[in-house]
>>> print(open('entry.pdb').read())   # PDB, C-alpha atoms, pLDDT in the B column
ATOM      1  CA  MET P   1       0.000   0.000   0.000  1.00 51.00           C
ATOM      2  CA  LYS P   2       2.793   2.317   0.734  1.00 54.00           C
ATOM      3  CA  GLY P   3       4.112   2.119  -2.800  1.00 52.00           C
ATOM      4  CA  ARG P   4       0.701   2.681  -4.337  1.00 52.00           C
ATOM      5  CA  ASN P   5       0.027   5.852  -2.284  1.00 51.00           C
ATOM      6  CA  ALA P   6       3.447   7.195  -3.115  1.00 51.00           C
ATOM      7  CA  ARG P   7       2.714   6.829  -6.804  1.00 51.00           C
ATOM      8  CA  PHE P   8      -0.579   8.879  -6.664  1.00 52.00           C
ATOM      9  CA  GLY P   9       0.706  11.643  -4.452  1.00 52.00           C
ATOM     10  CA  GLN P  10       0.757  12.243  -0.756  1.00 54.00           C
ATOM     11  CA  GLY P  11      -2.927  11.526  -0.067  1.00 52.00           C
ATOM     12  CA  HIS P  12      -4.322   8.489   1.671  1.00 54.00           C
ATOM     13  CA  GLY P  13      -6.982   6.608  -0.302  1.00 54.00           C
ATOM     14  CA  LYS P  14      -9.763   7.671  -2.727  1.00 55.00           C
ATOM     15  CA  GLY P  15     -11.200  10.457  -0.549  1.00 54.00           C
ATOM     16  CA  ASP P  16      -8.307  12.744  -1.391  1.00 56.00           C
ATOM     17  CA  GLU P  17      -8.704  12.204  -5.155  1.00 56.00           C
ATOM     18  CA  ASP P  18     -12.400  13.208  -4.961  1.00 54.00           C
ATOM     19  CA  ALA P  19     -11.491  16.365  -3.033  1.00 54.00           C
ATOM     20  CA  VAL P  20      -9.153  17.435  -5.812  1.00 58.00           C
ATOM     21  CA  MET P  21     -11.813  16.822  -8.485  1.00 60.00           C
ATOM     22  CA  SER P  22     -14.560  18.713  -6.618  1.00 69.00           C
ATOM     23  CA  ALA P  23     -12.877  22.115  -7.212  1.00 72.00           C
ATOM     24  CA  ILE P  24     -14.602  24.213  -9.930  1.00 78.00           C
ATOM     25  CA  ASN P  25     -12.471  25.548 -12.744  1.00 82.00           C
ATOM     26  CA  THR P  26     -13.671  29.171 -13.104  1.00 83.00           C
ATOM     27  CA  THR P  27     -11.347  30.153 -15.950  1.00 85.00           C
ATOM     28  CA  PRO P  28     -13.878  29.387 -18.749  1.00 86.00           C
ATOM     29  CA  LEU P  29     -16.584  31.224 -16.804  1.00 88.00           C
ATOM     30  CA  VAL P  30     -14.386  34.312 -16.465  1.00 90.00           C
ATOM     31  CA  ASP P  31     -13.515  34.144 -20.180  1.00 91.00           C
ATOM     32  CA  VAL P  32     -17.187  34.015 -21.176  1.00 92.00           C
ATOM     33  CA  MET P  33     -18.077  36.871 -18.831  1.00 92.00           C
ATOM     34  CA  LEU P  34     -15.278  39.053 -20.228  1.00 93.00           C
ATOM     35  CA  VAL P  35     -16.454  38.418 -23.797  1.00 92.00           C
ATOM     36  CA  LEU P  36     -20.045  39.317 -22.832  1.00 92.00           C
ATOM     37  CA  LEU P  37     -18.830  42.457 -21.059  1.00 91.00           C
ATOM     38  CA  ILE P  38     -16.879  43.559 -24.146  1.00 90.00           C
ATOM     39  CA  ILE P  39     -19.902  42.951 -26.405  1.00 88.00           C
ATOM     40  CA  PHE P  40     -22.114  44.899 -23.989  1.00 84.00           C
ATOM     41  CA  LEU P  41     -19.673  47.824 -23.826  1.00 82.00           C
ATOM     42  CA  ILE P  42     -19.444  47.994 -27.610  1.00 82.00           C
ATOM     43  CA  THR P  43     -23.177  47.772 -28.393  1.00 78.00           C
ATOM     44  CA  VAL P  44     -24.691  50.016 -25.699  1.00 75.00           C
ATOM     45  CA  PRO P  45     -23.235  53.332 -26.964  1.00 69.00           C
ATOM     46  CA  VAL P  46     -24.428  52.535 -30.496  1.00 65.00           C
ATOM     47  CA  VAL P  47     -27.993  51.889 -29.328  1.00 61.00           C
ATOM     48  CA  THR P  48     -28.246  54.957 -27.095  1.00 62.00           C
ATOM     49  CA  GLN P  49     -26.479  57.401 -29.412  1.00 58.00           C
ATOM     50  CA  THR P  50     -28.823  60.230 -30.407  1.00 63.00           C
ATOM     51  CA  VAL P  51     -28.526  63.835 -31.416  1.00 66.00           C
ATOM     52  CA  LYS P  52     -29.712  66.228 -28.725  1.00 70.00           C
ATOM     53  CA  MET P  53     -32.483  68.475 -29.950  1.00 64.00           C
ATOM     54  CA  ALA P  54     -35.508  70.199 -28.539  1.00 67.00           C
ATOM     55  CA  LEU P  55     -38.576  68.621 -30.094  1.00 61.00           C
ATOM     56  CA  PRO P  56     -41.632  70.784 -30.681  1.00 59.00           C
ATOM     57  CA  LYS P  57     -44.571  70.501 -28.327  1.00 61.00           C
ATOM     58  CA  GLU P  58     -48.079  69.979 -29.642  1.00 58.00           C
ATOM     59  CA  THR P  59     -49.940  73.245 -29.936  1.00 64.00           C
ATOM     60  CA  ASN P  60     -53.195  74.109 -31.585  1.00 64.00           C
ATOM     61  CA  ILE P  61     -53.242  77.709 -32.721  1.00 66.00           C
ATOM     62  CA  PRO P  62     -56.440  78.950 -34.350  1.00 67.00           C
ATOM     63  CA  THR P  63     -55.762  80.069 -37.900  1.00 66.00           C
ATOM     64  CA  GLN P  64     -56.348  83.624 -38.902  1.00 68.00           C
ATOM     65  CA  THR P  65     -57.910  83.456 -42.324  1.00 69.00           C
ATOM     66  CA  LYS P  66     -56.825  86.373 -44.434  1.00 72.00           C
ATOM     67  CA  PRO P  67     -57.908  86.928 -48.019  1.00 70.00           C
ATOM     68  CA  GLU P  68     -54.295  86.934 -49.231  1.00 76.00           C
ATOM     69  CA  ASN P  69     -53.562  83.471 -47.736  1.00 85.00           C
ATOM     70  CA  ILE P  70     -53.297  80.582 -50.176  1.00 88.00           C
ATOM     71  CA  VAL P  71     -55.243  77.453 -49.184  1.00 89.00           C
ATOM     72  CA  LEU P  72     -54.032  74.288 -50.899  1.00 90.00           C
ATOM     73  CA  GLY P  73     -55.855  71.037 -50.307  1.00 89.00           C
ATOM     74  CA  VAL P  74     -55.461  67.355 -51.118  1.00 89.00           C
ATOM     75  CA  ASP P  75     -58.544  65.115 -51.217  1.00 88.00           C
ATOM     76  CA  THR P  76     -58.840  61.334 -50.918  1.00 86.00           C
ATOM     77  CA  GLY P  77     -58.239  60.985 -54.668  1.00 87.00           C
ATOM     78  CA  ASN P  78     -54.891  62.803 -54.211  1.00 86.00           C
ATOM     79  CA  THR P  79     -56.076  65.749 -56.312  1.00 89.00           C
ATOM     80  CA  ILE P  80     -54.460  69.078 -55.397  1.00 90.00           C
ATOM     81  CA  TYR P  81     -56.799  72.073 -55.044  1.00 90.00           C
ATOM     82  CA  TRP P  82     -56.025  75.802 -55.009  1.00 90.00           C
ATOM     83  CA  ASN P  83     -58.872  76.982 -52.763  1.00 86.00           C
ATOM     84  CA  THR P  84     -61.665  75.082 -54.601  1.00 85.00           C
ATOM     85  CA  THR P  85     -60.089  74.858 -58.068  1.00 89.00           C
ATOM     86  CA  PRO P  86     -58.220  71.659 -59.017  1.00 90.00           C
ATOM     87  CA  VAL P  87     -54.587  72.110 -60.037  1.00 91.00           C
ATOM     88  CA  LYS P  88     -53.794  69.883 -62.997  1.00 91.00           C
ATOM     89  CA  THR P  89     -49.976  69.733 -62.974  1.00 90.00           C
ATOM     90  CA  GLN P  90     -47.035  70.386 -60.695  1.00 90.00           C
ATOM     91  CA  GLU P  91     -45.774  73.024 -63.166  1.00 92.00           C
ATOM     92  CA  GLU P  92     -49.083  74.913 -62.946  1.00 92.00           C
ATOM     93  CA  LEU P  93     -48.904  74.845 -59.146  1.00 92.00           C
ATOM     94  CA  LEU P  94     -45.300  76.114 -59.142  1.00 92.00           C
ATOM     95  CA  ALA P  95     -46.086  78.906 -61.654  1.00 92.00           C
ATOM     96  CA  ARG P  96     -49.014  80.147 -59.560  1.00 92.00           C
ATOM     97  CA  LEU P  97     -46.947  80.005 -56.362  1.00 92.00           C
ATOM     98  CA  VAL P  98     -44.052  81.942 -57.970  1.00 92.00           C
ATOM     99  CA  LYS P  99     -46.536  84.630 -59.016  1.00 92.00           C
ATOM    100  CA  GLU P 100     -47.905  84.844 -55.459  1.00 90.00           C
ATOM    101  CA  ALA P 101     -44.401  84.854 -53.896  1.00 90.00           C
ATOM    102  CA  LYS P 102     -43.613  88.171 -55.604  1.00 89.00           C
ATOM    103  CA  LYS P 103     -46.315  89.983 -53.621  1.00 87.00           C
ATOM    104  CA  ASP P 104     -45.403  92.142 -50.656  1.00 84.00           C
ATOM    105  CA  PRO P 105     -46.215  91.067 -47.971  1.00 85.00           C
ATOM    106  CA  GLN P 106     -45.743  87.512 -49.030  1.00 88.00           C
ATOM    107  CA  PRO P 107     -48.849  85.342 -48.447  1.00 89.00           C
ATOM    108  CA  GLU P 108     -48.954  82.316 -46.179  1.00 89.00           C
ATOM    109  CA  VAL P 109     -49.685  78.866 -47.599  1.00 90.00           C
ATOM    110  CA  HIS P 110     -52.149  76.742 -45.640  1.00 89.00           C
ATOM    111  CA  ILE P 111     -52.144  73.063 -46.556  1.00 89.00           C
ATOM    112  CA  ARG P 112     -55.222  70.958 -45.863  1.00 87.00           C
ATOM    113  CA  GLY P 113     -54.752  67.237 -46.350  1.00 85.00           C
ATOM    114  CA  ASP P 114     -57.512  64.661 -46.083  1.00 84.00           C
ATOM    115  CA  LEU P 115     -56.883  61.984 -43.475  1.00 81.00           C
ATOM    116  CA  ALA P 116     -56.932  59.288 -46.175  1.00 81.00           C
ATOM    117  CA  ALA P 117     -54.736  61.256 -48.611  1.00 83.00           C
ATOM    118  CA  LYS P 118     -51.293  59.924 -49.418  1.00 84.00           C
ATOM    119  CA  TYR P 119     -48.196  61.832 -48.373  1.00 84.00           C
ATOM    120  CA  GLY P 120     -46.860  62.188 -51.931  1.00 88.00           C
ATOM    121  CA  PRO P 121     -49.103  65.059 -53.112  1.00 88.00           C
ATOM    122  CA  ILE P 122     -48.608  66.926 -49.831  1.00 88.00           C
ATOM    123  CA  GLY P 123     -44.846  66.522 -50.214  1.00 90.00           C
ATOM    124  CA  ARG P 124     -45.067  67.887 -53.766  1.00 90.00           C
ATOM    125  CA  ILE P 125     -46.977  70.923 -52.450  1.00 91.00           C
ATOM    126  CA  VAL P 126     -44.280  71.589 -49.833  1.00 92.00           C
ATOM    127  CA  LEU P 127     -41.565  71.225 -52.484  1.00 92.00           C
ATOM    128  CA  ALA P 128     -43.349  73.658 -54.837  1.00 92.00           C
ATOM    129  CA  VAL P 129     -43.817  76.191 -52.018  1.00 92.00           C
ATOM    130  CA  GLN P 130     -40.105  75.992 -51.187  1.00 92.00           C
ATOM    131  CA  GLN P 131     -39.103  76.317 -54.846  1.00 92.00           C
ATOM    132  CA  ALA P 132     -41.358  79.377 -55.203  1.00 91.00           C
ATOM    133  CA  GLY P 133     -39.606  81.023 -52.251  1.00 91.00           C
ATOM    134  CA  ILE P 134     -42.604  81.288 -49.920  1.00 90.00           C
ATOM    135  CA  VAL P 135     -41.418  81.018 -46.332  1.00 89.00           C
ATOM    136  CA  LYS P 136     -44.635  80.596 -44.319  1.00 88.00           C
ATOM    137  CA  ILE P 137     -46.303  77.199 -44.534  1.00 89.00           C
ATOM    138  CA  ALA P 138     -48.998  75.941 -42.179  1.00 86.00           C
ATOM    139  CA  PHE P 139     -50.788  72.603 -41.947  1.00 84.00           C
ATOM    140  CA  ILE P 140     -54.479  72.835 -41.130  1.00 82.00           C
ATOM    141  CA  THR P 141     -55.762  70.108 -38.785  1.00 78.00           C
ATOM    142  CA  GLU P 142     -58.874  69.411 -36.787  1.00 75.00           C
ATOM    143  CA  PRO P 143     -58.581  70.151 -33.085  1.00 70.00           C
ATOM    144  CA  PRO P 144     -58.649  67.079 -30.849  1.00 66.00           C
ATOM    145  CA  PRO P 145     -62.033  66.317 -29.288  1.00 68.00           C
ATOM    146  CA  ARG P 146     -62.484  67.649 -25.771  1.00 71.00           C
ATOM    147  CA  ASN P 147     -63.744  65.234 -23.157  1.00 64.00           C
TER     148      ASN P 147
END
>>> encode(input="entry.pdb", output="structure tokens")
Amino acid sequence: MKGRNARFGQGHGKGDEDAVMSAINTTPLVDVMLVLLIIFLITVPVVTQTVKMALPKETNIPTQTKPENIVLGVDTGNTIYWNTTPVKTQEELLARLVKEAKKDPQPEVHIRGDLAAKYGPIGRIVLAVQQAGIVKIAFITEPPPRN
């Protein structure tokens, strides 16, 4: 027995071998945790990165209808109207807006878009107003219902 114990180390019997095997090797756990920490540190700044800006608050200002204001509308069929007259082409709209932009004081453009209208015609109106050089644009909406 003495020779056998000398060959396996200084311990006495199988109890010592089990004690050595019961220790947990934490090196792989530490490696995995470090990799997860690095991934977390790399991805968090990308997700939370934003540009600081003051966003507008919702306000409902009653419009002051003046005779010189231009009211452009878009119905559910995506037809553009100048007051109540349909505008046939984008060129016609731009030509009329350029003519109005030369007035002093410059008129305001009020855009009324139907709830079911697509964004495309409204975007074309905004583009034409910008190209004409008119600086005041307003979107006409219904006030929210009061409870």
>>> resolve_selection(input="entry.pdb", expression="the PyMOL selection byres ((chain P and resi 117) around 12)", output="list in words")
Gly73, Val74, Asp75, Thr76, Gly77, Asn78, Thr79, Ile80, Arg112, Gly113, Asp114, Leu115, Ala116, Lys118, Tyr119, Gly120, Pro121, Ile122 and Gly123 of chain P
>>> residues_around(input="entry.pdb", residues="P:Leu97", least_positions_apart="3", cutoff="10 Å", atoms="only C-alpha atoms", output="JSON, numbers by chain")
{"P": [70, 91, 92, 93, 94, 100, 101, 102, 107, 109, 125, 128, 129, 130, 131, 132, 133, 134]}
>>> atom_distance(input="entry.pdb", atom1="atom CA of P:Thr27", atom2="atom CA of P:Val44")
25.8 Å
>>> atom_distance(input="entry.pdb", atom1="atom CA of P:Gln106", atom2="atom CA of P:Ile140")
18.8 Å
>>> axis_aligned_box(input="entry.pdb", around="stretch 120-123 of chain P", padding_each_side="8 Å", output="lines of an AutoDock Vina configuration file")
center_x = -47.0
center_y = 64.6
center_z = -51.5
size_x = 20.3
size_y = 20.7
size_z = 19.3
>>> resolve_selection(input="entry.pdb", expression="the PyMOL selection byres ((chain P and resi 139) around 7)", output="VMD selection string")
chain P and resid 110 to 112 137 to 138 140 to 141
>>> atom_distance(input="entry.pdb", atom1="atom CA of P:Pro105", atom2="atom CA of P:Asn69")
10.6 Å
